[in-house]
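A short write-up of the structure that comes next.
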Amino acid sequence: MSNKLKLIGDGLVKNNPTFVLLLGMCPTLATTTSAINGLSMGLATLFVLVLSNMAISAIAPVVPDKVHIPVYIVVIATFVTLLQFLMQAYTPAMYETLGLFIPLIVVNCIVLGRAEAFANKHGVLESACDGLGVGLGFTCSLTVLGLVREILGSGSAFGFNFIGGNDGMLAFVMAPGAFLCLGYLMVLFNKFVKKN
Amino acid sequence: MAVKSNLTNMVLVLGTTCLVCSALLGGAYALTKDPIDKAAAEKTNRAIAQVLPAFSETAYKSVSVGDKTYNYYEATEGASVVGYAIESTTVGFGGNLTLMVGVTPDGVVCNTSVLSQSETPGLGAKCNTDEKFMAQWKGFDPSSKILSVKKDGGDVDAITASTITSRAYTEAVKNALEAFKTINNGGQSNE
C-alpha cells in the first residue's frame, strides 16, 4: 500500500511532468490562460493517462517488441477519442475552449512516456497509481500556472474577477507570459518543493 | 517485453488491438451521439433565444446572397414573424468567426451572439464577454448608424487592441443584414 502511495507522490513531486521532467510543454503553455482551463486540461490528461496506463500494462506481456509503439498509440488514441465524445456530450463549453488540445493528447509525450517507462514493466494496479500520480502532478502544475497567469493577466482567479474591469497585464495571457510564468514557477518548485 | 516478434504474432496483436478499439469506439459513438446532438441543438436554441424577442416556433431555412449561402432560423409567434436569427461567418484574427445575428422584421439588429471563434485569448476573444462591445449591438439600427468601426469612420466601438476582430464582427453583422434584405424581399429562400 505504502508503495502505491509513494508512486502517486513521486508523480506529484519527484517526477512532476511539468516542473521536473518538462514534458507536455505544448498543452502546458497553450491552455493555461486561466486556472479553469489549466485544471480541465490537466483532468483530461489524467483520465487518458490512468486508463491507458492500465490497459497497456495489461496487454504488454503479449505485445511483440517490434509493434509495441503502434499498439500503444492505438490504445491511447482510443481513450482520447472516448474522452472527446464524452466531453462533447456532457461538457460542450469546455470542449470548445480546449478545442484542438484534446485530440493532441494522443501525441502528448507524458502519456506515451509513462507507457514506455513504467506501464509495460509493471502490474495494472501499480500502473494505475503511476498514471494517477503523474496525472495529478500535471493537473496541479497546470492549475497553478493557469492561476498565476489569470491573476496577473486578467485580474481574476477561477473566473472570479477581483479588480473590477479588464485591466490585467495582457502579456501574461499571451505566449510570452506563459514562458515567463513557467520559468519562475519552475525555479520556485525546484528550490522549495523538490529539495524536501 | 518478453515476446519475440514474428509476422504471425505482430499481425495478430496489432489486428486484434485495432479491432477491439474500433468496436469500443463504435459503441461509445452510438451511446454519446444523442447527448452530443442534444448539446449542440441546445446551444443553437440558446443562441436564438438570446438574439431574438420571445417566439414560439422556429423554422430552419437558408438563403443565397451572391455566391454565399446563409442558414437562418425564422422565428414566429402565432402567425407573425418576430425575427430572423441568421448565422454569419467571417474571418477574424485567428480563424473563422461565426455569429448568430438576430434581425427583427423592421431591419433592426435585435442582438448578436458568438457561435464559435478562435480569436486571441484576452484580446479578440473578448468579443464574447466584453459587455460594452456586446451591448452596442442590442437594437443597432443600420438606417441611422454606420456599420463599421470608429477607426474606419463608423459608429461601432471596437474592442481595445482588437480592431481586426471588431472589424470581422462588424462585417459578419453587415453580411447578416444583407441576407436579411434578401429574405425580406422574398429572395430565393430554399427550405
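Residue numbering restarts at 1 in every chain; chains get A, B, ... in the order shown in the C-alpha cells, and ligands count up from 1 in that same order.
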
Next on the checklist: So that I can check the surroundings of Val111 (chain A), please list as a PyMOL selection string every protein, DNA and RNA residue that reaches within 9 Å of it, counting only C-alpha atoms and ignoring chain neighbours fewer than 2 positions away.
Outcome noted: chain A and resi 24+45+48-49+52-53+76+105-109+113-116+131

Export of the given selection (C-alpha atoms) as a PDB file, in the first residue's frame:
ATOM      1  CA  GLY A  24       3.965  18.035 -22.421  1.00  0.00           C
ATOM      2  CA  THR A  45      -4.874  14.203 -19.497  1.00  0.00           C
ATOM      3  CA  VAL A  48      -6.322   9.284 -20.513  1.00  0.00           C
ATOM      4  CA  LEU A  49      -3.158   8.625 -18.538  1.00  0.00           C
ATOM      5  CA  SER A  52      -4.039   3.967 -20.998  1.00  0.00           C
ATOM      6  CA  ASN A  53      -1.518   3.021 -18.307  1.00  0.00           C
ATOM      7  CA  ILE A  76      -4.045   5.815 -26.279  1.00  0.00           C
ATOM      8  CA  ILE A 105      -3.320  14.369 -26.013  1.00  0.00           C
ATOM      9  CA  VAL A 106      -2.618  11.363 -28.263  1.00  0.00           C
ATOM     10  CA  VAL A 107       0.830  12.717 -29.026  1.00  0.00           C
ATOM     11  CA  ASN A 108       1.414  14.129 -25.542  1.00  0.00           C
ATOM     12  CA  CYS A 109       4.787  12.717 -24.598  1.00  0.00           C
ATOM     13  CA  GLY A 113       6.360   8.275 -21.905  1.00  0.00           C
ATOM     14  CA  ARG A 114       4.643   6.656 -18.924  1.00  0.00           C
ATOM     15  CA  ALA A 115       3.551   3.721 -21.090  1.00  0.00           C
ATOM     16  CA  GLU A 116       7.127   3.125 -22.210  1.00  0.00           C
ATOM     17  CA  GLY A 131      -0.881   7.329 -14.012  1.00  0.00           C
TER      18      GLY A 131
END

### Message
Show me, as JSON, numbers by chain, every residue of chain A with an atom at most 6 Å from chain B, counting only C-alpha atoms.
### Response
{"A": [64, 65, 71, 88, 89]}

From a DSSP pass on the backbone, collect the residues of chain A flagged as strand (DSSP E or B) and hand them back as a PDB file with N, CA, C and O atoms, in the first residue's frame.
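Below is the file out.pdb, written as the result:
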ATOM      1  N   SER A 156      -8.218  38.079 -12.286  1.00  0.00           N
ATOM      2  CA  SER A 156      -9.268  37.245 -11.702  1.00  0.00           C
ATOM      3  C   SER A 156      -8.674  35.900 -11.317  1.00  0.00           C
ATOM      4  O   SER A 156      -7.547  35.567 -11.699  1.00  0.00           O
ATOM      5  N   ALA A 157      -9.421  35.137 -10.514  1.00  0.00           N
ATOM      6  CA  ALA A 157      -8.970  33.812 -10.125  1.00  0.00           C
ATOM      7  C   ALA A 157     -10.144  32.862 -10.233  1.00  0.00           C
ATOM      8  O   ALA A 157     -11.211  33.126  -9.681  1.00  0.00           O
ATOM      9  N   PHE A 160     -13.312  34.398 -11.118  1.00  0.00           N
ATOM     10  CA  PHE A 160     -13.876  35.406 -10.217  1.00  0.00           C
ATOM     11  C   PHE A 160     -13.011  36.665 -10.282  1.00  0.00           C
ATOM     12  O   PHE A 160     -11.855  36.657  -9.875  1.00  0.00           O
ATOM     13  N   ASN A 161     -13.579  37.719 -10.835  1.00  0.00           N
ATOM     14  CA  ASN A 161     -12.809  38.946 -11.062  1.00  0.00           C
ATOM     15  C   ASN A 161     -12.733  39.775  -9.792  1.00  0.00           C
ATOM     16  O   ASN A 161     -13.748  40.078  -9.184  1.00  0.00           O
TER      17      ASN A 161
END

For Leu170 (chain A), please output as number ranges by chain all residues within 12 Å (counting only C-alpha atoms; exclusion window: fewer than 4 positions along the same chain).
A: 33, 149-155, 166, 174-178; B: 120-124, 160-161

Can you write out the residues you just picked, keeping N, CA, C and O atoms, as a short mmCIF file (atom, residue, chain, number, x, y, z; two decimals), in the first residue's frame?
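Writing the result to selection13.cif gives the following:
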data_model
loop_
_atom_site.label_atom_id
_atom_site.label_comp_id
_atom_site.auth_asym_id
_atom_site.auth_seq_id
_atom_site.Cartn_x
_atom_site.Cartn_y
_atom_site.Cartn_z
N THR A 33 -4.35 29.71 -19.98
CA THR A 33 -4.67 31.14 -19.94
C THR A 33 -5.52 31.45 -18.71
O THR A 33 -5.61 32.60 -18.31
N ARG A 149 -1.18 33.03 -14.17
CA ARG A 149 -1.36 33.82 -15.39
C ARG A 149 -2.69 34.56 -15.37
O ARG A 149 -2.80 35.68 -15.87
N GLU A 150 -3.71 33.91 -14.78
CA GLU A 150 -5.02 34.56 -14.74
C GLU A 150 -5.00 35.76 -13.80
O GLU A 150 -5.54 36.83 -14.12
N ILE A 151 -4.35 35.59 -12.63
CA ILE A 151 -4.29 36.70 -11.68
C ILE A 151 -3.54 37.88 -12.29
O ILE A 151 -4.01 39.02 -12.26
N LEU A 152 -2.39 37.60 -12.89
CA LEU A 152 -1.59 38.69 -13.46
C LEU A 152 -2.21 39.24 -14.74
O LEU A 152 -2.21 40.44 -14.98
N GLY A 153 -2.73 38.34 -15.56
CA GLY A 153 -3.18 38.75 -16.89
C GLY A 153 -4.58 39.30 -16.94
O GLY A 153 -4.87 40.22 -17.71
N SER A 154 -5.51 38.74 -16.15
CA SER A 154 -6.89 39.21 -16.24
C SER A 154 -7.42 39.73 -14.92
O SER A 154 -8.57 40.15 -14.83
N GLY A 155 -6.60 39.68 -13.87
CA GLY A 155 -7.06 40.18 -12.57
C GLY A 155 -8.20 39.38 -12.00
O GLY A 155 -9.08 39.89 -11.32
N ASN A 166 -11.26 45.08 -16.91
CA ASN A 166 -10.43 44.16 -17.67
C ASN A 166 -8.98 44.61 -17.73
O ASN A 166 -8.32 44.48 -18.74
N MET A 174 -0.89 36.02 -22.96
CA MET A 174 -0.34 35.60 -24.24
C MET A 174 0.93 34.77 -24.05
O MET A 174 1.39 34.56 -22.93
N ALA A 175 1.47 34.30 -25.19
CA ALA A 175 2.57 33.33 -25.13
C ALA A 175 3.79 33.77 -24.29
O ALA A 175 4.29 32.97 -23.50
N PRO A 176 4.29 35.01 -24.42
CA PRO A 176 5.47 35.37 -23.64
C PRO A 176 5.25 35.20 -22.14
O PRO A 176 6.14 34.71 -21.43
N GLY A 177 4.07 35.56 -21.67
CA GLY A 177 3.75 35.42 -20.25
C GLY A 177 3.76 33.97 -19.82
O GLY A 177 4.15 33.64 -18.70
N ALA A 178 3.35 33.08 -20.73
CA ALA A 178 3.34 31.65 -20.41
C ALA A 178 4.75 31.17 -20.13
O ALA A 178 5.01 30.49 -19.14
N THR B 120 -7.62 35.58 -30.25
CA THR B 120 -6.60 35.53 -29.20
C THR B 120 -7.24 35.65 -27.81
O THR B 120 -7.99 36.59 -27.57
N PRO B 121 -6.93 34.71 -26.91
CA PRO B 121 -7.48 34.84 -25.55
C PRO B 121 -7.02 36.15 -24.92
O PRO B 121 -5.87 36.55 -25.07
N GLY B 122 -7.93 36.82 -24.23
CA GLY B 122 -7.58 38.07 -23.56
C GLY B 122 -7.65 39.28 -24.46
O GLY B 122 -7.67 40.41 -24.01
N LEU B 123 -7.66 39.06 -25.80
CA LEU B 123 -7.80 40.19 -26.72
C LEU B 123 -9.09 40.03 -27.51
O LEU B 123 -10.17 40.37 -27.06
N GLY B 124 -8.98 39.45 -28.72
CA GLY B 124 -10.14 39.31 -29.58
C GLY B 124 -11.22 38.41 -29.00
O GLY B 124 -12.41 38.59 -29.26
N THR B 160 -10.81 47.18 -27.32
CA THR B 160 -9.47 47.74 -27.20
C THR B 160 -8.43 46.75 -27.69
O THR B 160 -8.43 45.58 -27.30
N ALA B 161 -7.55 47.21 -28.56
CA ALA B 161 -6.44 46.41 -29.09
C ALA B 161 -6.89 45.22 -29.91
O ALA B 161 -6.13 44.29 -30.11
#

Using only C-alpha atoms, which protein or nucleic acid residues come within 8 Å of region 34-41 of chain A? Drop anything in the same chain fewer than 4 positions from it, and give the result as a list in words.
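That gives Pro27, Thr28, Thr45, Met94, Thr97, Leu98, Ile102, Thr139, Cys140, Leu142, Thr143, Val144, Leu145, Gly146, Leu147, Val148, Arg149, Glu150, Ala157, Phe158 and Gly159 of chain A.
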
Expected file: the selected residues, C-alpha atoms, as a JSON list (two decimals), in the first residue's frame:
[["chain", "number", "residue", "atom", "x", "y", "z"],
["A", 27, "PRO", "CA", -0.63, 21.99, -23.88],
["A", 28, "THR", "CA", 1.04, 23.43, -20.77],
["A", 45, "THR", "CA", -4.87, 14.20, -19.50],
["A", 94, "MET", "CA", -15.14, 23.13, -22.06],
["A", 97, "THR", "CA", -12.35, 26.10, -25.08],
["A", 98, "LEU", "CA", -9.72, 23.38, -25.13],
["A", 102, "ILE", "CA", -7.92, 17.37, -26.61],
["A", 139, "THR", "CA", -3.13, 18.81, -13.24],
["A", 140, "CYS", "CA", -1.73, 20.69, -10.22],
["A", 142, "LEU", "CA", -1.32, 23.42, -14.97],
["A", 143, "THR", "CA", -3.80, 24.77, -12.45],
["A", 144, "VAL", "CA", -1.11, 26.74, -10.60],
["A", 145, "LEU", "CA", 0.35, 28.06, -13.85],
["A", 146, "GLY", "CA", -3.13, 28.97, -15.06],
["A", 147, "LEU", "CA", -3.96, 30.65, -11.77],
["A", 148, "VAL", "CA", -0.80, 32.78, -11.78],
["A", 149, "ARG", "CA", -1.36, 33.82, -15.39],
["A", 150, "GLU", "CA", -5.02, 34.56, -14.74],
["A", 157, "ALA", "CA", -8.97, 33.81, -10.12],
["A", 158, "PHE", "CA", -11.04, 30.80, -11.25],
["A", 159, "GLY", "CA", -13.18, 33.21, -13.25]]

Which residues, written as a PyMOL selection string, have at least one atom at most 8 Å from Ala172 (chain B), with only C-alpha atoms counted and residues fewer than 3 positions away on the same chain left out? chain B and resi 88-90+98-99+168-169+175-176

Atoms kept (C-alpha atoms) for selection, written as a CSV table (one decimal), in the first residue's frame:
chain,number,residue,atom,x,y,z
B,88,SER,CA,-22.9,34.6,-40.4
B,89,THR,CA,-19.3,33.6,-40.7
B,90,THR,CA,-16.3,35.9,-41.4
B,98,THR,CA,-19.3,32.7,-36.6
B,99,LEU,CA,-22.1,34.8,-35.2
B,168,ALA,CA,-14.7,40.9,-38.6
B,169,TYR,CA,-17.6,41.0,-36.1
B,175,ASN,CA,-23.4,40.2,-44.1
B,176,ALA,CA,-26.3,39.0,-42.0

*asked:* Excluding Gln84 (chain A) and its own-chain neighbours fewer than 4 positions away, which residues fall within 10 Å of it when counting only C-alpha atoms? Please give them as number ranges by chain.
replied: A: 44, 78-80, 88-89, 91-92, 95, 99, 102-103

Keeping all heavy atoms, export the residues of the selection given above as a PDB file, in the first residue's frame.
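Once written, out-v5.pdb looks like this:
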ATOM      1  N   ALA A  44      -8.314  16.161 -18.113  1.00  0.00           N
ATOM      2  CA  ALA A  44      -8.485  15.400 -19.348  1.00  0.00           C
ATOM      3  C   ALA A  44      -7.287  14.479 -19.556  1.00  0.00           C
ATOM      4  O   ALA A  44      -7.435  13.295 -19.892  1.00  0.00           O
ATOM      5  CB  ALA A  44      -8.648  16.344 -20.537  1.00  0.00           C
ATOM      6  N   THR A  78      -7.563   5.554 -28.697  1.00  0.00           N
ATOM      7  CA  THR A  78      -8.925   5.121 -28.388  1.00  0.00           C
ATOM      8  C   THR A  78      -9.469   5.868 -27.167  1.00  0.00           C
ATOM      9  O   THR A  78     -10.587   6.383 -27.187  1.00  0.00           O
ATOM     10  CB  THR A  78      -8.950   3.609 -28.097  1.00  0.00           C
ATOM     11  OG1 THR A  78      -8.365   2.941 -29.206  1.00  0.00           O
ATOM     12  CG2 THR A  78     -10.360   3.117 -27.889  1.00  0.00           C
ATOM     13  N   PHE A  79      -8.648   5.925 -26.114  1.00  0.00           N
ATOM     14  CA  PHE A  79      -9.118   6.607 -24.903  1.00  0.00           C
ATOM     15  C   PHE A  79      -9.307   8.104 -25.143  1.00  0.00           C
ATOM     16  O   PHE A  79     -10.226   8.720 -24.605  1.00  0.00           O
ATOM     17  CB  PHE A  79      -8.155   6.360 -23.743  1.00  0.00           C
ATOM     18  CG  PHE A  79      -8.238   4.961 -23.218  1.00  0.00           C
ATOM     19  CD1 PHE A  79      -7.132   4.129 -23.208  1.00  0.00           C
ATOM     20  CD2 PHE A  79      -9.453   4.456 -22.753  1.00  0.00           C
ATOM     21  CE1 PHE A  79      -7.217   2.830 -22.739  1.00  0.00           C
ATOM     22  CE2 PHE A  79      -9.549   3.156 -22.285  1.00  0.00           C
ATOM     23  CZ  PHE A  79      -8.431   2.351 -22.282  1.00  0.00           C
ATOM     24  N   VAL A  80      -8.441   8.696 -25.959  1.00  0.00           N
ATOM     25  CA  VAL A  80      -8.585  10.128 -26.246  1.00  0.00           C
ATOM     26  C   VAL A  80      -9.881  10.395 -26.997  1.00  0.00           C
ATOM     27  O   VAL A  80     -10.625  11.328 -26.681  1.00  0.00           O
ATOM     28  CB  VAL A  80      -7.372  10.659 -27.039  1.00  0.00           C
ATOM     29  CG1 VAL A  80      -7.623  12.075 -27.507  1.00  0.00           C
ATOM     30  CG2 VAL A  80      -6.123  10.613 -26.188  1.00  0.00           C
ATOM     31  N   GLN A  88     -17.703  16.281 -25.543  1.00  0.00           N
ATOM     32  CA  GLN A  88     -18.632  16.905 -26.474  1.00  0.00           C
ATOM     33  C   GLN A  88     -20.070  16.764 -25.985  1.00  0.00           C
ATOM     34  O   GLN A  88     -20.881  17.660 -26.142  1.00  0.00           O
ATOM     35  CB  GLN A  88     -18.504  16.234 -27.840  1.00  0.00           C
ATOM     36  CG  GLN A  88     -17.901  17.107 -28.891  1.00  0.00           C
ATOM     37  CD  GLN A  88     -17.721  16.337 -30.169  1.00  0.00           C
ATOM     38  OE1 GLN A  88     -17.225  15.218 -30.181  1.00  0.00           O
ATOM     39  NE2 GLN A  88     -18.139  16.934 -31.256  1.00  0.00           N
ATOM     40  N   ALA A  89     -20.347  15.596 -25.381  1.00  0.00           N
ATOM     41  CA  ALA A  89     -21.714  15.322 -24.969  1.00  0.00           C
ATOM     42  C   ALA A  89     -22.069  16.028 -23.663  1.00  0.00           C
ATOM     43  O   ALA A  89     -23.160  16.569 -23.522  1.00  0.00           O
ATOM     44  CB  ALA A  89     -21.921  13.821 -24.820  1.00  0.00           C
ATOM     45  N   THR A  91     -19.764  18.188 -21.525  1.00  0.00           N
ATOM     46  CA  THR A  91     -19.183  19.493 -21.197  1.00  0.00           C
ATOM     47  C   THR A  91     -18.818  20.239 -22.489  1.00  0.00           C
ATOM     48  O   THR A  91     -17.651  20.516 -22.740  1.00  0.00           O
ATOM     49  CB  THR A  91     -17.908  19.355 -20.327  1.00  0.00           C
ATOM     50  OG1 THR A  91     -16.985  18.510 -21.040  1.00  0.00           O
ATOM     51  CG2 THR A  91     -18.179  18.760 -18.971  1.00  0.00           C
ATOM     52  N   PRO A  92     -19.838  20.543 -23.322  1.00  0.00           N
ATOM     53  CA  PRO A  92     -19.539  21.121 -24.638  1.00  0.00           C
ATOM     54  C   PRO A  92     -18.776  22.448 -24.568  1.00  0.00           C
ATOM     55  O   PRO A  92     -17.924  22.717 -25.405  1.00  0.00           O
ATOM     56  CB  PRO A  92     -20.918  21.308 -25.277  1.00  0.00           C
ATOM     57  CG  PRO A  92     -21.910  21.155 -24.191  1.00  0.00           C
ATOM     58  CD  PRO A  92     -21.274  20.349 -23.107  1.00  0.00           C
ATOM     59  N   TYR A  95     -15.196  21.676 -23.998  1.00  0.00           N
ATOM     60  CA  TYR A  95     -14.647  21.066 -25.200  1.00  0.00           C
ATOM     61  C   TYR A  95     -14.264  22.129 -26.212  1.00  0.00           C
ATOM     62  O   TYR A  95     -13.227  22.060 -26.862  1.00  0.00           O
ATOM     63  CB  TYR A  95     -15.665  20.092 -25.807  1.00  0.00           C
ATOM     64  CG  TYR A  95     -15.163  19.423 -27.056  1.00  0.00           C
ATOM     65  CD1 TYR A  95     -14.232  18.404 -26.983  1.00  0.00           C
ATOM     66  CD2 TYR A  95     -15.601  19.842 -28.314  1.00  0.00           C
ATOM     67  CE1 TYR A  95     -13.747  17.801 -28.119  1.00  0.00           C
ATOM     68  CE2 TYR A  95     -15.127  19.241 -29.458  1.00  0.00           C
ATOM     69  CZ  TYR A  95     -14.200  18.225 -29.357  1.00  0.00           C
ATOM     70  OH  TYR A  95     -13.716  17.640 -30.489  1.00  0.00           O
ATOM     71  N   GLY A  99     -10.578  22.798 -27.312  1.00  0.00           N
ATOM     72  CA  GLY A  99     -10.521  22.569 -28.751  1.00  0.00           C
ATOM     73  C   GLY A  99      -9.483  21.557 -29.187  1.00  0.00           C
ATOM     74  O   GLY A  99      -9.503  20.398 -28.783  1.00  0.00           O
ATOM     75  N   ILE A 102      -7.418  18.677 -27.053  1.00  0.00           N
ATOM     76  CA  ILE A 102      -7.920  17.372 -26.614  1.00  0.00           C
ATOM     77  C   ILE A 102      -7.421  16.261 -27.541  1.00  0.00           C
ATOM     78  O   ILE A 102      -6.753  15.336 -27.083  1.00  0.00           O
ATOM     79  CB  ILE A 102      -9.456  17.385 -26.488  1.00  0.00           C
ATOM     80  CG1 ILE A 102      -9.898  18.379 -25.410  1.00  0.00           C
ATOM     81  CG2 ILE A 102      -9.998  16.005 -26.166  1.00  0.00           C
ATOM     82  CD1 ILE A 102      -9.341  18.077 -24.031  1.00  0.00           C
ATOM     83  N   PRO A 103      -7.680  16.335 -28.865  1.00  0.00           N
ATOM     84  CA  PRO A 103      -7.115  15.289 -29.722  1.00  0.00           C
ATOM     85  C   PRO A 103      -5.595  15.216 -29.641  1.00  0.00           C
ATOM     86  O   PRO A 103      -5.014  14.142 -29.824  1.00  0.00           O
ATOM     87  CB  PRO A 103      -7.578  15.676 -31.134  1.00  0.00           C
ATOM     88  CG  PRO A 103      -8.287  16.960 -31.015  1.00  0.00           C
ATOM     89  CD  PRO A 103      -8.620  17.195 -29.597  1.00  0.00           C
TER      90      PRO A 103
END

As a check of understanding: the span from CA of Lys138 (chain B) to CA of Tyr70 (chain B) is 21.3 Å

Got a sec: who's within 9 Å of Pro142 (chain B), counting only C-alpha atoms, leaving out chain neighbours fewer than 5 positions off, as an MDAnalysis selection string?
chainID B and resid 107:109 147 174 177

Keeping only N, CA, C and O atoms, take the residues you just selected and write them out as a PDB file, in the first residue's frame.
ATOM      1  N   GLY B 107     -35.757  45.395 -39.824  1.00  0.00           N
ATOM      2  CA  GLY B 107     -34.381  45.565 -40.258  1.00  0.00           C
ATOM      3  C   GLY B 107     -33.422  46.040 -39.180  1.00  0.00           C
ATOM      4  O   GLY B 107     -32.307  46.445 -39.470  1.00  0.00           O
ATOM      5  N   VAL B 108     -33.873  46.011 -37.918  1.00  0.00           N
ATOM      6  CA  VAL B 108     -33.008  46.430 -36.821  1.00  0.00           C
ATOM      7  C   VAL B 108     -32.381  45.184 -36.189  1.00  0.00           C
ATOM      8  O   VAL B 108     -33.045  44.166 -36.027  1.00  0.00           O
ATOM      9  N   VAL B 109     -31.088  45.296 -35.842  1.00  0.00           N
ATOM     10  CA  VAL B 109     -30.424  44.181 -35.170  1.00  0.00           C
ATOM     11  C   VAL B 109     -30.983  44.079 -33.754  1.00  0.00           C
ATOM     12  O   VAL B 109     -30.951  45.043 -32.999  1.00  0.00           O
ATOM     13  N   LEU B 147     -22.432  51.144 -40.088  1.00  0.00           N
ATOM     14  CA  LEU B 147     -21.983  49.827 -39.634  1.00  0.00           C
ATOM     15  C   LEU B 147     -20.520  49.586 -39.996  1.00  0.00           C
ATOM     16  O   LEU B 147     -20.188  48.800 -40.871  1.00  0.00           O
ATOM     17  N   LYS B 174     -22.906  42.891 -40.884  1.00  0.00           N
ATOM     18  CA  LYS B 174     -23.274  43.513 -42.160  1.00  0.00           C
ATOM     19  C   LYS B 174     -23.770  42.455 -43.141  1.00  0.00           C
ATOM     20  O   LYS B 174     -24.799  42.627 -43.803  1.00  0.00           O
ATOM     21  N   LEU B 177     -27.166  41.286 -42.326  1.00  0.00           N
ATOM     22  CA  LEU B 177     -28.192  42.248 -42.724  1.00  0.00           C
ATOM     23  C   LEU B 177     -28.462  42.177 -44.230  1.00  0.00           C
ATOM     24  O   LEU B 177     -29.599  42.343 -44.675  1.00  0.00           O
TER      25      LEU B 177
END

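Proximity ranking of B:Asp106, B:Glu42, B:Asp157, B:Glu77 relative to Phe133 (chain B) places B:Asp157 first, based on only C-alpha atoms.
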